[in-house]
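Worksheet: the structure to be examined is printed underneath.
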Amino acid sequence: MINENLSKVLENSIKNNKLQQVYLLFSRANQDIDLDILEFVRLVNDEKQISWHQCLQKEYCFIIDGSQGEISKENLQEFLNRVSKSSLFANKYKFLIIKCVENITLKAANSILKFLENPPFNTIILLHTIKPQNVLKTIKSRCFIIDIRDDFNAIVSVESFFITYKIDVSKQKQFRELADLIYNSPANLFNLILFYIQQLNIENYKNIILFSIFIFKQIYELKNSIKKDKNISKFDSISILNIINNLYNFVELIDNNNCIFNIQKAKLILKLKEEYE
């Protein structure tokens with residue numbers, strides 16, 4: 001099933017005839033995004049019956065997979081030329097899809113920047129990354145950014161989080177306190193950091209970090225909504241997407257048991273502090 005956030009954005013864009021030419025999708029490291037890409041193409045080009053394999057064979061689809069290693073300027077330029085010279089298709093968009101765009105070389109990044117400044121007519125550039133902090137700001141600034149990390153599609157409130165993750169009633173006060181600390185963090189980051197130092201441990205890290213991600217995602221949505229209050233405006237200078245990505249990376253590192261918990265916890269707190277500076 002297509003990511004709910006992506007689905008809403010696309011449906012509204014298609015309905016209002018306001019499709020963007022350049023998108024950047026954020027996903028988790030181990031998340032399968034092929035279906036999301038496929039559904040993106042299906043919805044935009046009204047190709048309801050095609051499979052992923054058929055999508056790869058379409059003349060209007062050009063896919064570069066950077067998940068296996070570095071994307072060189074030569075490899076990228078070959079695809080850019082093919083997209084530019086390819087024929088237009090009636091009622092169809094051409095798609096240039098780059099998975100793990102953070103793996104492009106600096107020379108390749110310069111090439112894609114020039115391409116993004118003046119993309120071919122009727123062409124959509126669909127970029128993807130699992131490391132948004134490694135994507136050049138000049139690239140991100142040209143993109144319509146959509147977070148497709150899939151943990152919370154069915155969770156719409158703090159109470160539903162408690163039910164989904166089976167948070168004991170005796171511990172719900174701690175989580176509500178954390179939510180307040182996150183919302184007030186632009187004015188008082190110290191108290192949020194102190195909470196993580198004192199409360200975050202190897203036994204409870206997953207629920208606390210996932211709850212933090214949930215709250216930051218709510219703030220991100222409010223931050224980008226038409227109506228936002230003064231408290232949310234305090235987050236304008238803070239990269240919430242980078243914070244969310246750092247939190248996800250922390251969970252994945254600890255889950256894989258390939259690190260020392262307290263060292264990674266200290267690194268996480270330092271990264272959090274840097275995003276607020």
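Chain labels run A, B, ... following the order of the structure tokens; each chain numbers its residues from 1, and ligands are numbered from 1 in the order shown.
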Problem set entry | Which of region 8-214 of chain A DSSP labels strand (DSSP E), written as a ChimeraX atom specification | /A:22-26,61-65,94-99,123-129,144-147
For this session: Please identify all polymer residues within 9 Å of region 35-49 of chain A, counting only C-alpha atoms, omitting same-chain residues fewer than 4 positions from it, and present them as an NGL selection string.
Result: :A and (1-3 or 6-7 or 10-11 or 14 or 19 or 55 or 61 or 91-93 or 95 or 97 or 126 or 148)
All residues 12 Å or closer to Ile213 (chain A), only C-alpha atoms, same chain fewer than 6 positions away omitted, as a short mmCIF file (atom, residue, chain, number, x, y, z; two decimals) with C-alpha atoms, in the first residue's frame:
data_model
loop_
_atom_site.label_atom_id
_atom_site.label_comp_id
_atom_site.auth_asym_id
_atom_site.auth_seq_id
_atom_site.Cartn_x
_atom_site.Cartn_y
_atom_site.Cartn_z
CA ASP A 147 8.52 12.09 4.25
CA ARG A 149 8.75 6.75 6.51
CA ASP A 150 5.98 4.35 7.34
CA ASP A 151 5.85 3.86 11.09
CA PHE A 152 2.87 6.01 11.99
CA ILE A 155 -1.54 6.70 14.47
CA VAL A 158 -1.04 10.45 21.50
CA PHE A 161 0.19 5.77 20.06
CA LEU A 178 8.22 14.33 26.74
CA ALA A 179 5.67 15.71 24.25
CA ILE A 182 9.59 18.68 22.53
CA LYS A 206 12.49 2.21 21.24
CA ASN A 207 9.19 3.49 22.59
CA ILE A 219 5.20 19.51 14.52
CA TYR A 220 6.55 19.17 10.96
CA ILE A 240 12.86 18.83 11.87
CA LEU A 241 13.45 16.33 9.06
CA ASN A 242 17.12 16.05 10.06
CA ILE A 243 16.09 15.48 13.68
CA ILE A 244 13.64 12.76 12.64
CA ASN A 245 16.29 11.11 10.50
CA ASN A 246 18.80 11.12 13.39
CA LEU A 247 16.20 9.55 15.68
CA TYR A 248 15.44 6.82 13.14
CA ASN A 249 19.14 6.12 12.66
CA PHE A 250 19.60 5.78 16.42
CA VAL A 251 16.85 3.15 16.65
#
For this session: Considering only C-alpha atoms, return as a PyMOL selection string whatever protein or nucleic-acid residues lie within 12 Å of region 229-236 of chain A, sequence-local ones (same chain, fewer than 6 positions apart) excluded.
Result: chain A and resi 180+182-189+216+218-223+243+275-277
Exercise. Out of A:Glu159, A:Glu177, A:Glu4, A:Asp32, which residue has the shortest atom-to-atom distance to Ile208 (chain A) when counting only C-alpha atoms?
Worked result: A:Glu177
For this session: Pull the helix (DSSP H, G or I) assignments for region 1-41 of chain A out of DSSP run on the backbone, and list those residues as a PyMOL selection string.
Result: chain A and resi 4-15+34-41
Write the residues you've just listed into a file as a compact mmCIF listing (two decimals), in the first residue's frame, and include all heavy atoms for each of them.
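Result written to part.txt:
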# COMPACT_ATOMS: atom_id res chain seq x y z
N GLU A 4 0.69 6.78 3.19
CA GLU A 4 -0.48 7.65 3.32
C GLU A 4 -0.15 9.11 3.06
O GLU A 4 -0.91 9.84 2.40
CB GLU A 4 -1.08 7.49 4.72
CG GLU A 4 -2.37 8.26 4.91
CD GLU A 4 -2.99 8.04 6.29
OE1 GLU A 4 -2.49 7.15 7.03
OE2 GLU A 4 -3.94 8.75 6.62
N ASN A 5 0.99 9.55 3.56
CA ASN A 5 1.39 10.94 3.37
C ASN A 5 1.60 11.24 1.89
O ASN A 5 1.15 12.27 1.36
CB ASN A 5 2.67 11.22 4.16
CG ASN A 5 3.00 12.70 4.26
OD1 ASN A 5 2.12 13.55 4.19
ND2 ASN A 5 4.27 13.00 4.40
N LEU A 6 2.29 10.34 1.19
CA LEU A 6 2.53 10.51 -0.25
C LEU A 6 1.22 10.49 -1.02
O LEU A 6 1.01 11.29 -1.94
CB LEU A 6 3.45 9.39 -0.74
CG LEU A 6 3.78 9.38 -2.24
CD1 LEU A 6 4.44 10.68 -2.66
CD2 LEU A 6 4.66 8.19 -2.58
N SER A 7 0.33 9.58 -0.65
CA SER A 7 -0.96 9.47 -1.33
C SER A 7 -1.76 10.76 -1.23
O SER A 7 -2.32 11.25 -2.22
CB SER A 7 -1.77 8.31 -0.73
OG SER A 7 -3.02 8.19 -1.36
N LYS A 8 -1.80 11.35 -0.03
CA LYS A 8 -2.55 12.60 0.16
C LYS A 8 -1.99 13.72 -0.69
O LYS A 8 -2.73 14.48 -1.32
CB LYS A 8 -2.52 13.00 1.64
CG LYS A 8 -3.38 12.13 2.54
CD LYS A 8 -3.25 12.59 3.99
CE LYS A 8 -4.09 11.72 4.92
NZ LYS A 8 -3.93 12.14 6.35
N VAL A 9 -0.65 13.84 -0.68
CA VAL A 9 -0.01 14.91 -1.45
C VAL A 9 -0.31 14.76 -2.94
O VAL A 9 -0.68 15.73 -3.62
CB VAL A 9 1.52 14.90 -1.23
CG1 VAL A 9 2.22 15.84 -2.20
CG2 VAL A 9 1.84 15.28 0.21
N LEU A 10 -0.18 13.53 -3.45
CA LEU A 10 -0.40 13.30 -4.87
C LEU A 10 -1.84 13.52 -5.28
O LEU A 10 -2.13 14.15 -6.30
CB LEU A 10 0.03 11.88 -5.24
CG LEU A 10 1.53 11.64 -5.39
CD1 LEU A 10 1.81 10.19 -5.72
CD2 LEU A 10 2.13 12.54 -6.45
N GLU A 11 -2.76 12.99 -4.49
CA GLU A 11 -4.17 13.14 -4.81
C GLU A 11 -4.57 14.62 -4.86
O GLU A 11 -5.30 15.04 -5.77
CB GLU A 11 -5.02 12.38 -3.80
CG GLU A 11 -4.95 10.86 -3.99
CD GLU A 11 -5.69 10.11 -2.89
OE1 GLU A 11 -6.28 10.77 -2.01
OE2 GLU A 11 -5.67 8.87 -2.92
N ASN A 12 -4.10 15.39 -3.90
CA ASN A 12 -4.41 16.83 -3.88
C ASN A 12 -3.76 17.55 -5.07
O ASN A 12 -4.38 18.43 -5.68
CB ASN A 12 -3.95 17.46 -2.57
CG ASN A 12 -4.81 17.07 -1.39
OD1 ASN A 12 -5.99 16.76 -1.56
ND2 ASN A 12 -4.24 17.07 -0.20
N SER A 13 -2.54 17.16 -5.39
CA SER A 13 -1.83 17.81 -6.49
C SER A 13 -2.50 17.51 -7.83
O SER A 13 -2.66 18.40 -8.67
CB SER A 13 -0.37 17.34 -6.53
OG SER A 13 0.31 17.70 -5.36
N ILE A 14 -2.88 16.26 -8.03
CA ILE A 14 -3.54 15.87 -9.28
C ILE A 14 -4.91 16.52 -9.38
O ILE A 14 -5.28 17.06 -10.44
CB ILE A 14 -3.66 14.33 -9.37
CG1 ILE A 14 -2.26 13.71 -9.50
CG2 ILE A 14 -4.52 13.92 -10.56
CD1 ILE A 14 -2.24 12.20 -9.36
N LYS A 15 -5.63 16.51 -8.28
CA LYS A 15 -6.98 17.10 -8.26
C LYS A 15 -6.93 18.59 -8.60
O LYS A 15 -7.79 19.10 -9.34
CB LYS A 15 -7.61 16.90 -6.88
CG LYS A 15 -9.01 17.47 -6.74
CD LYS A 15 -9.56 17.24 -5.35
CE LYS A 15 -10.93 17.86 -5.18
NZ LYS A 15 -11.47 17.65 -3.81
N ASP A 34 9.89 0.67 -3.58
CA ASP A 34 9.51 0.40 -4.97
C ASP A 34 8.02 0.56 -5.19
O ASP A 34 7.58 1.11 -6.21
CB ASP A 34 9.95 -1.00 -5.38
CG ASP A 34 11.47 -1.10 -5.56
OD1 ASP A 34 12.13 -0.05 -5.52
OD2 ASP A 34 11.98 -2.21 -5.73
N LEU A 35 7.23 0.09 -4.24
CA LEU A 35 5.77 0.21 -4.39
C LEU A 35 5.33 1.66 -4.35
O LEU A 35 4.43 2.07 -5.10
CB LEU A 35 5.05 -0.58 -3.28
CG LEU A 35 3.53 -0.59 -3.37
CD1 LEU A 35 3.07 -1.15 -4.71
CD2 LEU A 35 2.92 -1.39 -2.22
N ASP A 36 5.98 2.47 -3.50
CA ASP A 36 5.64 3.90 -3.45
C ASP A 36 5.96 4.58 -4.77
O ASP A 36 5.17 5.38 -5.27
CB ASP A 36 6.40 4.58 -2.31
CG ASP A 36 5.94 4.11 -0.94
OD1 ASP A 36 4.79 4.37 -0.60
OD2 ASP A 36 6.74 3.49 -0.24
N ILE A 37 7.12 4.24 -5.35
CA ILE A 37 7.49 4.81 -6.65
C ILE A 37 6.52 4.36 -7.73
O ILE A 37 6.06 5.15 -8.56
CB ILE A 37 8.93 4.42 -7.02
CG1 ILE A 37 9.93 5.08 -6.06
CG2 ILE A 37 9.25 4.79 -8.46
CD1 ILE A 37 11.37 4.63 -6.25
N LEU A 38 6.20 3.07 -7.70
CA LEU A 38 5.25 2.52 -8.68
C LEU A 38 3.90 3.22 -8.60
O LEU A 38 3.33 3.62 -9.62
CB LEU A 38 5.09 1.02 -8.46
CG LEU A 38 4.04 0.31 -9.34
CD1 LEU A 38 4.40 0.45 -10.81
CD2 LEU A 38 3.93 -1.15 -8.95
N GLU A 39 3.40 3.39 -7.37
CA GLU A 39 2.10 4.04 -7.20
C GLU A 39 2.16 5.50 -7.61
O GLU A 39 1.18 6.06 -8.13
CB GLU A 39 1.64 3.91 -5.74
CG GLU A 39 1.20 2.51 -5.35
CD GLU A 39 0.01 2.03 -6.17
OE1 GLU A 39 -1.00 2.76 -6.23
OE2 GLU A 39 0.09 0.95 -6.76
N PHE A 40 3.29 6.13 -7.40
CA PHE A 40 3.49 7.51 -7.85
C PHE A 40 3.28 7.58 -9.37
O PHE A 40 2.52 8.41 -9.88
CB PHE A 40 4.90 7.97 -7.48
CG PHE A 40 5.11 9.45 -7.52
CD1 PHE A 40 5.44 10.15 -6.38
CD2 PHE A 40 5.00 10.17 -8.71
CE1 PHE A 40 5.65 11.54 -6.41
CE2 PHE A 40 5.21 11.54 -8.76
CZ PHE A 40 5.53 12.22 -7.61
N VAL A 41 3.97 6.70 -10.10
CA VAL A 41 3.86 6.67 -11.56
C VAL A 41 2.44 6.32 -11.98
O VAL A 41 1.88 6.93 -12.90
CB VAL A 41 4.87 5.67 -12.16
CG1 VAL A 41 4.68 5.54 -13.67
CG2 VAL A 41 6.29 6.09 -11.84
